[in-house]
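Okay, structure first, notes after.
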Amino acid sequence: MNDERRDDEILGRALGRAIEAIDLNETPYEKSRMAAAPRRSPFGIWPIAGAVVAIALAVAIGSWLNAAREGVEPGPVAASPTPVSSPQVSTPLSYPPVASPSATPSAAPTAVRRDVIYLGRAGLPPVAVPGPKFADADMTAERRIASRVTALRAYRQTAAPAGLTNYLWNNSFQGGVAVTIAADLASVDLLLPSPFTAADRSAAVAILQQLVYTATEEPGIRRVLLTENGGQVLTVGGIRADKPLARDDVLGYSGRGPVGTDKGITWAGNDAIPHVVAQLASVMVDGTTVRLTFRGSSGGSVVDLPSFSVSLEENDDTKPVGGKTAAALNGGKYALQVAFQWNGGGSSVGVAGTTIYDQTPLRAIIGANPYSFIELDDARPWRAYMPDKTQLVVEIGGDPQATSDRIAVSAPKPGDRVAGQPQVAYDVRLAGSARVFEANVSWRVRDASGKVVATSHFLATLGSSALWGTFDKGFSIPASVHGGVTLEVYEVSPKDGSDQGLVAIPLTVP
Amino acid sequence: MRPVNRGTKESRARAALYGEPMTDPWRELYDREYPRLVRALVAIGRDPAGAEDAAQEAFVKAHRTGLDHIAKPAAWLLVVGSREVFRRRRRSRRERELWASLPERHDAVDTAADRADLLAALGELPDRQRTVVVARYFYGLSYDEIASHFDIKGGTVGATLHQAIERLRKIQLAGRLARGAMR
């Protein structure tokens, strides 16, 4: 050791002794916060979850790619949102359901409708409503985009369905659109006598969402470069649209959902049961969330589901979802593929079916046994969980404030007012799904000043697996807390203890 | 292979061999690590109340994570605790006054003064240097351990430490001179 290093070491050790001599008021273990936390085993549940995953990987090397004549039957679908009754997440979503013109068709539509424009919702993704009629079949893509965007100017707020806002109504845009197209990029220049007015940031975001979704409604167009007054950068409420924007850039979620087969979810089910049909038992869509429930059935009785895989892929919406279905239907910008192991055993029961929804963000469900293609408008986050072995729930979207890449809270909802007796603690239901390490979901409540007034954690049904776990628990807010609070639900990183995938849900306590 | 906590394993082995009651591994960890962790966090954060808070929080987080997933609980607690200290300190800016009220042990007057000097000098270092110094000279972590736990490039740990000690020496010297002048 050289002199310099030794000198350092001497001073360092002196410092160590100085730190050792700091006086402490030692909190005994019994009074530590850890001792007050809910009991848990020091060994966690990983061994069990790990075994499940290992088995899934070992078994899932089956082939579900055989040509099939039996399998998924799209179930009867109600025109109004049908909440899925599942023991884990049973609260129906309460956002204003959107009356879609094609929900109760007089004649069954044969194509996804493209004559739509998008209206906005503060803090939520935009929703499609019927827009201009394209009489001329020879109309160019540029002219169709221009007339959709122009229709935003003309769509009166009084005509908008409840819960939707046309942020461009009575705003500065009064017509004048120039559109050019290069590959999948549309350049849209607006004539603006004055800049757009937006009351706040969420209104500015909503204007951008409306413009981007409406302009990219044209099949084959995935991105739009918005400019004003002959090529100047469009600025809305301080947000500069200085690069081409895709729908995924303005979704409003912390990120888009996992895209690609390698990021899909596979599960090893019971492939020993013959003649299983994975029936699409219910479809719920409300503009923010799509929830599909598949149930295993065989000969009229409920059985365990066979193996399956779920993945979201980019989709070319100029081409029919071809080769996979009898109905040559053009789909959405993305398609979520749900593929079940074919346990048909040569049965010829079941016909591939196609159902058009046209309720944002669900365009159509194309059943080509044993697949289902869920045609979607965008790549909002999605997840899959199993309330039990006979049911698979695939959930797409959710409130952006309550949704992250690993946590989706369905109750309480952002803005909810907490009910309860002011004298005692407020008990609040906390439900949703999560895919976090060790199934360990943490939460805390901050009061208006940001101080943590309650915190704890609990286990979801499943953790550290491809499938998400669910939870339906309660938590308490101390009686002394009033006014605005924020519920934060997150994962504690096993690596460094930092918060991961945090969702922050504003609530009001009376 | 997943890491297994040594303390837990020992207590399990003792339980199996000698029929001793298996001790609570959390209590074991707490009793062993808590005083050291709080002292380290006082030195790093210069706020005794905040250090206590941060240490409690670090244990709660360890508890949530599970002992089975923490290879080196002592270092893990120091990493999580020091992060917690910095996070809290960003919120409150009362550190100077609190540092001034730091309790001292009343040994020989000069030693206590020296110690106070050293701790005060430590307080003058940037956050990162301070943390590395405490990890090395109070926790006795190796350069490699410091590099991996605190996400620092392996080669720079030695240099950071040397710079920090060099600065400590200068500040401490200045303090001594000042005190000498006041006597």
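By convention in this document, the chains of the structure tokens carry letters A, B, ... by their order, each chain's residues are numbered from 1, and ligands are numbered from 1 in the order they are shown.
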For this session: Could the residues of chain A within 7 Å of chain B, counting only C-alpha atoms, be given as a list in words, please?
Result: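 Written out as asked, the residues are Asp8, Gly12, Arg13, Leu15, Gly16, Ala18, Ile19, Glu20, Ala21, Ile22, Asp23, Glu26, Tyr29, Ser32, Arg33, Met34, Pro42, Phe43, Gly44, Pro494, Asp496 and Gly497 of chain A.
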Since we have the selection now, will you write its residues out, keeping C-alpha atoms, as a short mmCIF file (atom, residue, chain, number, x, y, z; two decimals), in the first residue's frame?
```cif
data_model
loop_
_atom_site.label_atom_id
_atom_site.label_comp_id
_atom_site.auth_asym_id
_atom_site.auth_seq_id
_atom_site.Cartn_x
_atom_site.Cartn_y
_atom_site.Cartn_z
CA ASP A 8 -6.57 7.80 3.08
CA GLY A 12 -11.28 6.84 6.52
CA ARG A 13 -11.09 4.64 9.61
CA LEU A 15 -14.30 8.73 10.06
CA GLY A 16 -15.78 5.26 10.50
CA ALA A 18 -16.73 9.01 14.29
CA ILE A 19 -19.85 7.63 12.65
CA GLU A 20 -19.86 4.71 15.08
CA ALA A 21 -19.88 7.24 17.95
CA ILE A 22 -23.04 9.02 16.77
CA ASP A 23 -25.65 8.86 19.52
CA GLU A 26 -32.72 3.14 19.01
CA TYR A 29 -37.82 -4.16 16.83
CA SER A 32 -40.39 -0.79 14.15
CA ARG A 33 -42.63 -0.15 11.18
CA MET A 34 -41.62 -3.48 9.75
CA PRO A 42 -39.48 -14.49 4.44
CA PHE A 43 -39.43 -16.94 1.57
CA GLY A 44 -42.24 -15.50 -0.52
CA PRO A 494 -36.65 -6.11 -5.86
CA ASP A 496 -33.20 -1.34 -5.41
CA GLY A 497 -36.49 -0.71 -3.62
#
```
DSSP on the backbone, strand (DSSP E) only: what residues of segment 380-480 of chain A does that give? Format it as a ChimeraX atom specification.
/A:382-388,391-397,407-411,426-434,440-446,452-459,469-477
Save out the residues we just selected, N, CA and C atoms, as a short mmCIF file (atom, residue, chain, number, x, y, z; two decimals), in the first residue's frame.
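Result saved to result09.cif:
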```
data_model
loop_
_atom_site.label_atom_id
_atom_site.label_comp_id
_atom_site.auth_asym_id
_atom_site.auth_seq_id
_atom_site.Cartn_x
_atom_site.Cartn_y
_atom_site.Cartn_z
N TRP A 382 -52.50 -3.69 -22.61
CA TRP A 382 -53.46 -4.78 -22.48
C TRP A 382 -52.89 -5.84 -21.54
N ARG A 383 -53.74 -6.73 -21.08
CA ARG A 383 -53.32 -7.74 -20.12
C ARG A 383 -54.27 -8.93 -20.21
N ALA A 384 -53.86 -10.03 -19.64
CA ALA A 384 -54.71 -11.22 -19.64
C ALA A 384 -54.62 -11.88 -18.28
N TYR A 385 -55.75 -12.27 -17.74
CA TYR A 385 -55.74 -12.98 -16.45
C TYR A 385 -56.83 -14.04 -16.45
N MET A 386 -56.71 -14.97 -15.52
CA MET A 386 -57.67 -16.07 -15.44
C MET A 386 -58.30 -16.10 -14.06
N PRO A 387 -59.58 -15.75 -13.97
CA PRO A 387 -60.28 -15.85 -12.68
C PRO A 387 -60.26 -17.29 -12.17
N ASP A 388 -60.37 -18.26 -13.08
CA ASP A 388 -60.16 -19.66 -12.75
C ASP A 388 -59.75 -20.37 -14.03
N GLN A 391 -61.78 -19.86 -17.35
CA GLN A 391 -62.04 -18.53 -17.90
C GLN A 391 -60.75 -17.78 -18.20
N LEU A 392 -60.72 -17.15 -19.34
CA LEU A 392 -59.64 -16.24 -19.68
C LEU A 392 -60.24 -14.86 -19.92
N VAL A 393 -59.72 -13.86 -19.24
CA VAL A 393 -60.16 -12.49 -19.48
C VAL A 393 -59.02 -11.73 -20.16
N VAL A 394 -59.30 -11.16 -21.31
CA VAL A 394 -58.33 -10.30 -21.98
C VAL A 394 -58.86 -8.88 -21.88
N GLU A 395 -58.06 -8.00 -21.29
CA GLU A 395 -58.51 -6.65 -21.02
C GLU A 395 -57.58 -5.68 -21.75
N ILE A 396 -58.17 -4.79 -22.52
CA ILE A 396 -57.39 -3.85 -23.33
C ILE A 396 -57.75 -2.44 -22.87
N GLY A 397 -56.74 -1.65 -22.50
CA GLY A 397 -56.98 -0.26 -22.11
C GLY A 397 -57.23 -0.12 -20.62
N ILE A 407 -49.61 -2.61 -13.64
CA ILE A 407 -50.72 -2.50 -12.69
C ILE A 407 -51.91 -1.86 -13.39
N ALA A 408 -53.11 -2.41 -13.17
CA ALA A 408 -54.34 -1.83 -13.70
C ALA A 408 -55.38 -1.86 -12.60
N VAL A 409 -55.76 -0.68 -12.11
CA VAL A 409 -56.72 -0.60 -11.02
C VAL A 409 -58.11 -0.32 -11.60
N SER A 410 -59.08 -1.15 -11.29
CA SER A 410 -60.44 -0.93 -11.80
C SER A 410 -61.32 -0.26 -10.75
N ALA A 411 -60.97 -0.38 -9.48
CA ALA A 411 -61.69 0.32 -8.41
C ALA A 411 -60.69 0.64 -7.29
N TYR A 426 -62.02 5.49 6.68
CA TYR A 426 -62.74 5.22 5.45
C TYR A 426 -62.22 3.92 4.84
N ASP A 427 -63.12 2.98 4.63
CA ASP A 427 -62.71 1.73 3.98
C ASP A 427 -63.02 1.81 2.51
N VAL A 428 -62.02 1.60 1.70
CA VAL A 428 -62.19 1.74 0.26
C VAL A 428 -61.82 0.42 -0.40
N ARG A 429 -62.60 0.03 -1.40
CA ARG A 429 -62.32 -1.20 -2.13
C ARG A 429 -61.22 -0.93 -3.15
N LEU A 430 -60.26 -1.81 -3.22
CA LEU A 430 -59.15 -1.68 -4.16
C LEU A 430 -59.09 -2.96 -4.98
N ALA A 431 -59.45 -2.84 -6.27
CA ALA A 431 -59.51 -4.04 -7.11
C ALA A 431 -58.83 -3.78 -8.44
N GLY A 432 -58.36 -4.83 -9.07
CA GLY A 432 -57.73 -4.70 -10.37
C GLY A 432 -56.85 -5.89 -10.65
N SER A 433 -55.85 -5.66 -11.51
CA SER A 433 -54.95 -6.75 -11.86
C SER A 433 -53.52 -6.22 -11.88
N ALA A 434 -52.57 -7.12 -11.72
CA ALA A 434 -51.17 -6.71 -11.65
C ALA A 434 -50.28 -7.85 -12.09
N ASN A 440 -46.45 -9.05 -5.31
CA ASN A 440 -46.48 -8.14 -4.18
C ASN A 440 -46.86 -6.72 -4.62
N VAL A 441 -48.07 -6.33 -4.35
CA VAL A 441 -48.57 -5.01 -4.76
C VAL A 441 -48.52 -4.07 -3.54
N SER A 442 -47.87 -2.92 -3.70
CA SER A 442 -47.78 -1.95 -2.60
C SER A 442 -48.71 -0.78 -2.89
N TRP A 443 -49.18 -0.17 -1.84
CA TRP A 443 -50.01 1.03 -2.03
C TRP A 443 -49.74 2.01 -0.91
N ARG A 444 -50.01 3.28 -1.18
CA ARG A 444 -49.97 4.29 -0.13
C ARG A 444 -50.94 5.40 -0.50
N VAL A 445 -51.36 6.13 0.52
CA VAL A 445 -52.28 7.24 0.30
C VAL A 445 -51.56 8.50 0.75
N ARG A 446 -51.54 9.50 -0.13
CA ARG A 446 -50.95 10.79 0.22
C ARG A 446 -52.08 11.79 0.41
N VAL A 452 -47.59 10.97 3.32
CA VAL A 452 -48.17 9.62 3.31
C VAL A 452 -48.97 9.41 4.59
N VAL A 453 -50.28 9.13 4.45
CA VAL A 453 -51.12 8.96 5.63
C VAL A 453 -51.48 7.50 5.87
N ALA A 454 -51.27 6.65 4.89
CA ALA A 454 -51.50 5.22 5.07
C ALA A 454 -50.71 4.48 4.01
N THR A 455 -50.15 3.32 4.36
CA THR A 455 -49.41 2.54 3.37
C THR A 455 -49.36 1.09 3.81
N SER A 456 -49.41 0.20 2.84
CA SER A 456 -49.25 -1.22 3.14
C SER A 456 -49.07 -1.96 1.82
N HIS A 457 -49.20 -3.26 1.85
CA HIS A 457 -49.08 -4.04 0.62
C HIS A 457 -49.88 -5.32 0.76
N PHE A 458 -50.09 -5.99 -0.35
CA PHE A 458 -50.85 -7.25 -0.31
C PHE A 458 -50.40 -8.10 -1.49
N LEU A 459 -50.91 -9.31 -1.55
CA LEU A 459 -50.52 -10.20 -2.65
C LEU A 459 -51.64 -10.31 -3.66
N GLY A 469 -52.00 -11.37 -12.32
CA GLY A 469 -52.79 -11.77 -11.17
C GLY A 469 -53.87 -10.73 -10.93
N THR A 470 -54.84 -11.07 -10.13
CA THR A 470 -55.90 -10.11 -9.82
C THR A 470 -55.91 -9.86 -8.31
N PHE A 471 -56.57 -8.79 -7.93
CA PHE A 471 -56.73 -8.52 -6.50
C PHE A 471 -58.05 -7.81 -6.28
N ASP A 472 -58.63 -8.06 -5.13
CA ASP A 472 -59.85 -7.38 -4.72
C ASP A 472 -59.75 -7.25 -3.21
N LYS A 473 -59.23 -6.12 -2.75
CA LYS A 473 -58.91 -5.93 -1.34
C LYS A 473 -59.57 -4.65 -0.85
N GLY A 474 -59.31 -4.32 0.37
CA GLY A 474 -59.78 -3.06 0.89
C GLY A 474 -58.60 -2.31 1.49
N PHE A 475 -58.72 -1.01 1.59
CA PHE A 475 -57.71 -0.26 2.33
C PHE A 475 -58.42 0.85 3.10
N SER A 476 -57.74 1.38 4.10
CA SER A 476 -58.37 2.38 4.96
C SER A 476 -57.64 3.70 4.88
N ILE A 477 -58.41 4.77 4.88
CA ILE A 477 -57.85 6.11 5.00
C ILE A 477 -58.22 6.59 6.41
#
```
Give me, please, the distance in Å between atom CA of Gly398 of chain A and atom CA of Ser254 of chain A, quoted to one decimal.
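Those two atoms sit 11.9 Å apart.
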For Ala154 of chain A, find every residue with an atom within 12 Å (counting only C-alpha atoms), except residues of its own chain fewer than 2 positions away, and show them as a PyMOL selection string. chain A and resi 117+131-132+147-152+156-160+166-171+173-175
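Atom CA of Phe86 of chain B sits 22.0 Å away from atom CA of Tyr143 of chain B.
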